[in-house]
Each structure stands twice: as C-alpha cells, then as structure tokens.
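Accompanying notes for the structure given below.
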Amino acid sequence: MTGEEAWYSTPVTNCILNVFLFYTAIALNIITIQALRKTSSLPRTLKTLLLSLAASDLAVGLLAHPVFVAHLIIQIRQNTSDDAYGTVFTSFSAFQNILLTCASLFGVVAITVDRFLAIHLHLRYQELVTHKRVIAVVTSIWVISAFLSLLLPAADLEWIPNRVPEIMFPAIDAVCFITTGFLHYKIYASVRHHTGHIQALQAQEEAQNRQMKNAVRLRKTTLATFYIYWLFLACYVPIFCVNLAELFCGETALIQHLWYYVRTIVLSNSSLNPLIYSWKMRHIRHAVIDILRSILPSRH
C-alpha cells in the first residue's frame, strides 16, 4: 500500500466506524437516560451525575459524530479550501469537540469524587453532598467546559498565545487522570475494608441487616464506577498521548493518521458507557430491559 492509499484508507475507515457509532450512541444513551429516570434505587446525587454524563454522551451522538464524519468526508474529497464555510465549520467542530470532551472528562471526575465521599463520609455524606449542591456542580461542569471550548478558536487572537491551549488541555487531562487515579486507589482500599466489614456483619444478629444491606449497595455502585473509570482511561489516554507527541514532535504524517483513530476511540466511549451501566448496575439493567420490552414487538 502506497503512502497516498494509506492516507486515503484512514479517513474512509474512520468514517465508516463513526457512522455506526452515531446510531449506537444516540439509541443507547436515549434508553439509558430513560432507564436512569425510572430507577429509584440509585442515590439522587449519583443519578444526577450519571444523567449529566449520559447527556454529554447523547450530545456526542447528535453532534460530535456527524461533525467528525463531515470532516472526514471533506478530507476524503481533499476539499481544503480556506473559504468562509470551512472556517466556520472548523471553529464549530473545535468548539463542540472540546465542550463535550471536557463535559465527559469532568463528569467522570465528579462521579469519582462522589463515590469517594460516599465511602469516606459515611453518615455525613447525605448531609454534606446534597442534591442541590450536585446540581450546582453539574451546572459548573458545563459552564467551565463551554468556557474552555472557546479558548482554542480564540487562540488566533493576540491576547492569547498560540501554544497556550496546546499546553493547557494536556495539562488538564493529566490533572484529571492523576486525581481520579489517586481517588480510585483510595476507594479500592476502602472497598476491601468494607468487604471484610460486611463479612463480619453476616456473622452477627439480624438487627444489623439494614446496615449490611446499605454497605453492600454502596459497594456495588462504587465498583460499577470503577468500570466507568477504566473504560474512560482506555478511551482517553490514547488521544492524550497523541496530543503530547504532537506538542513535542510537531504535526507529523504519523500523528495525523493516529489522530483520526484516537478521536474515534474517544467518541466510542459514548456508545460503551451505556453498556457499562446496564452490565454493572442491576436496577438500571432491569429498567433497560423493561423499556426494550415495551418498544420491541412481543412474539406470541
């Protein structure tokens, strides 16, 4: 395969993948949002954070996938003209990419912090982590994400040095990765401790059954967030590494090829998250099954 054929096959392959992921991201996240709304057993704080993450994943299906597919089609047709349409399209693409990426990134961090506080605050958790405060956090996540998404298009302005966004976004990613990694380590240690505590409670009288059930429920929801976190790492670390490589090595031909694939991997996270919810959270899984049964025709 020649270099020109390899360049052509890269956007074509990613275009096909993103067309498929476009449908799965929309369908799975609509069902997930409806299932989350129907699930009453989840804490309101965790449900609100999961709804925000699912909303950003749905927006990826509605906006990010179609825009990326359009960008790939332009590349395939080698339409690189610098007309007004191309400038507006590029600016909008950068805006919504950063907005949704930051919203998802900060959403995962918020879920991690929530589970960390639930494990370590115990009875004080409901007093300190209220639904109103979580709503404020979710609102702040979207406002901050919108602000950050304006920095890259604004990098052409004189008052923002060109390399500031290039350095800032990998730095934000690194801080989020380190923070969530440290908190998940602390959560893991606490979950192991709680597992031993649950086993001790099982040997005691029935009067402590309620405490044991609460501990089991907390452990299950916390373990479910582990899978969200590891999936998040698997999807976001590759593009983080490519961004670092571009920062230090420049925009080489290899990095251009890799960028298409790592961008598709990031966007695929929005289709995979709903599968994690249904797999690891029993009540959400049951709600999803009920929704599918009501949608799909039954066979007699």
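Labels used: A, B, ... for chains in the order of the structure tokens, numbers from 1 for residues in each chain, and numbers from 1 for ligands as shown.
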Residue contacts of Leu49 of chain A (12 Å, only C-alpha atoms) excluding same-chain residues fewer than 2 positions away, as a PyMOL selection string = chain A and resi 33+36+42-47+51-56+103-104+106-115+131-139+141-142+225
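The shortest atom-to-atom distance to Cys15 of chain A, with only C-alpha atoms taken into account, belongs to A:Ala70 out of A:Ala70, A:Val266, A:Leu272, A:Ile30.
Of note, atom CA of Ser270 of chain A and atom CA of Val12 of chain A are spaced 21.0 Å apart.
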Residue with smallest distance to Leu267 of chain A - pool A:Ala35, A:Ile167, A:Val143, A:Cys235, counting only C-alpha atoms = A:Cys235
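Comparing the minimum interatomic distances between Asn273 of chain A and each of A:Ser9, A:Asn18, A:Gln75, A:Thr32, counting only C-alpha atoms, we find that A:Thr32 sits nearest.
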Pick the closest to Thr10 of chain A from A:Ser268, A:Ser278, A:Gln256, A:Ser40: which is it, counting only C-alpha atoms?
-> A:Gln256
Show which residues sit within 12 Å of Ile16 of chain A, as an MDAnalysis selection string. Count only C-alpha atoms, and ignore same-chain residues fewer than 3 positions away.
-> chainID A and resid 9:13 19:23 65:66 68:70 72:73 261 264
Could you take the residues named above and write them with C-alpha atoms, as a PDB file, in the first residue's frame?
ATOM      1  CA  SER A   9      -7.926   4.490   3.764  1.00  0.00           C
ATOM      2  CA  THR A  10      -7.553   6.142   7.183  1.00  0.00           C
ATOM      3  CA  PRO A  11     -10.401   8.695   6.861  1.00  0.00           C
ATOM      4  CA  VAL A  12     -12.568   6.156   4.973  1.00  0.00           C
ATOM      5  CA  THR A  13     -12.214   3.554   7.738  1.00  0.00           C
ATOM      6  CA  VAL A  19     -21.445   6.320  11.040  1.00  0.00           C
ATOM      7  CA  PHE A  20     -22.051   3.106  13.003  1.00  0.00           C
ATOM      8  CA  LEU A  21     -21.204   4.738  16.338  1.00  0.00           C
ATOM      9  CA  PHE A  22     -23.513   7.640  15.501  1.00  0.00           C
ATOM     10  CA  TYR A  23     -26.540   5.339  15.723  1.00  0.00           C
ATOM     11  CA  HIS A  65     -20.123  12.023  15.306  1.00  0.00           C
ATOM     12  CA  PRO A  66     -21.902  13.873  12.443  1.00  0.00           C
ATOM     13  CA  PHE A  68     -16.442  14.338  12.571  1.00  0.00           C
ATOM     14  CA  VAL A  69     -17.959  12.365   9.674  1.00  0.00           C
ATOM     15  CA  ALA A  70     -18.394  15.623   7.738  1.00  0.00           C
ATOM     16  CA  LEU A  72     -13.647  13.072   7.242  1.00  0.00           C
ATOM     17  CA  ILE A  73     -15.689  13.407   4.046  1.00  0.00           C
ATOM     18  CA  TYR A 261      -8.156   6.739  15.122  1.00  0.00           C
ATOM     19  CA  THR A 264     -12.808   7.720  17.005  1.00  0.00           C
TER      20      THR A 264
END
For atom CA of Gln34 of chain A and atom CA of Ile284 of chain A, the interatomic separation in Å (one decimal) | 9.6 Å
Record the distance separating atom CA of Glu251 of chain A and atom CA of Asp173 of chain A, expressed in Å with one decimal.
->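 Going from atom CA of Glu251 of chain A over to atom CA of Asp173 of chain A, I get 19.8 Å.
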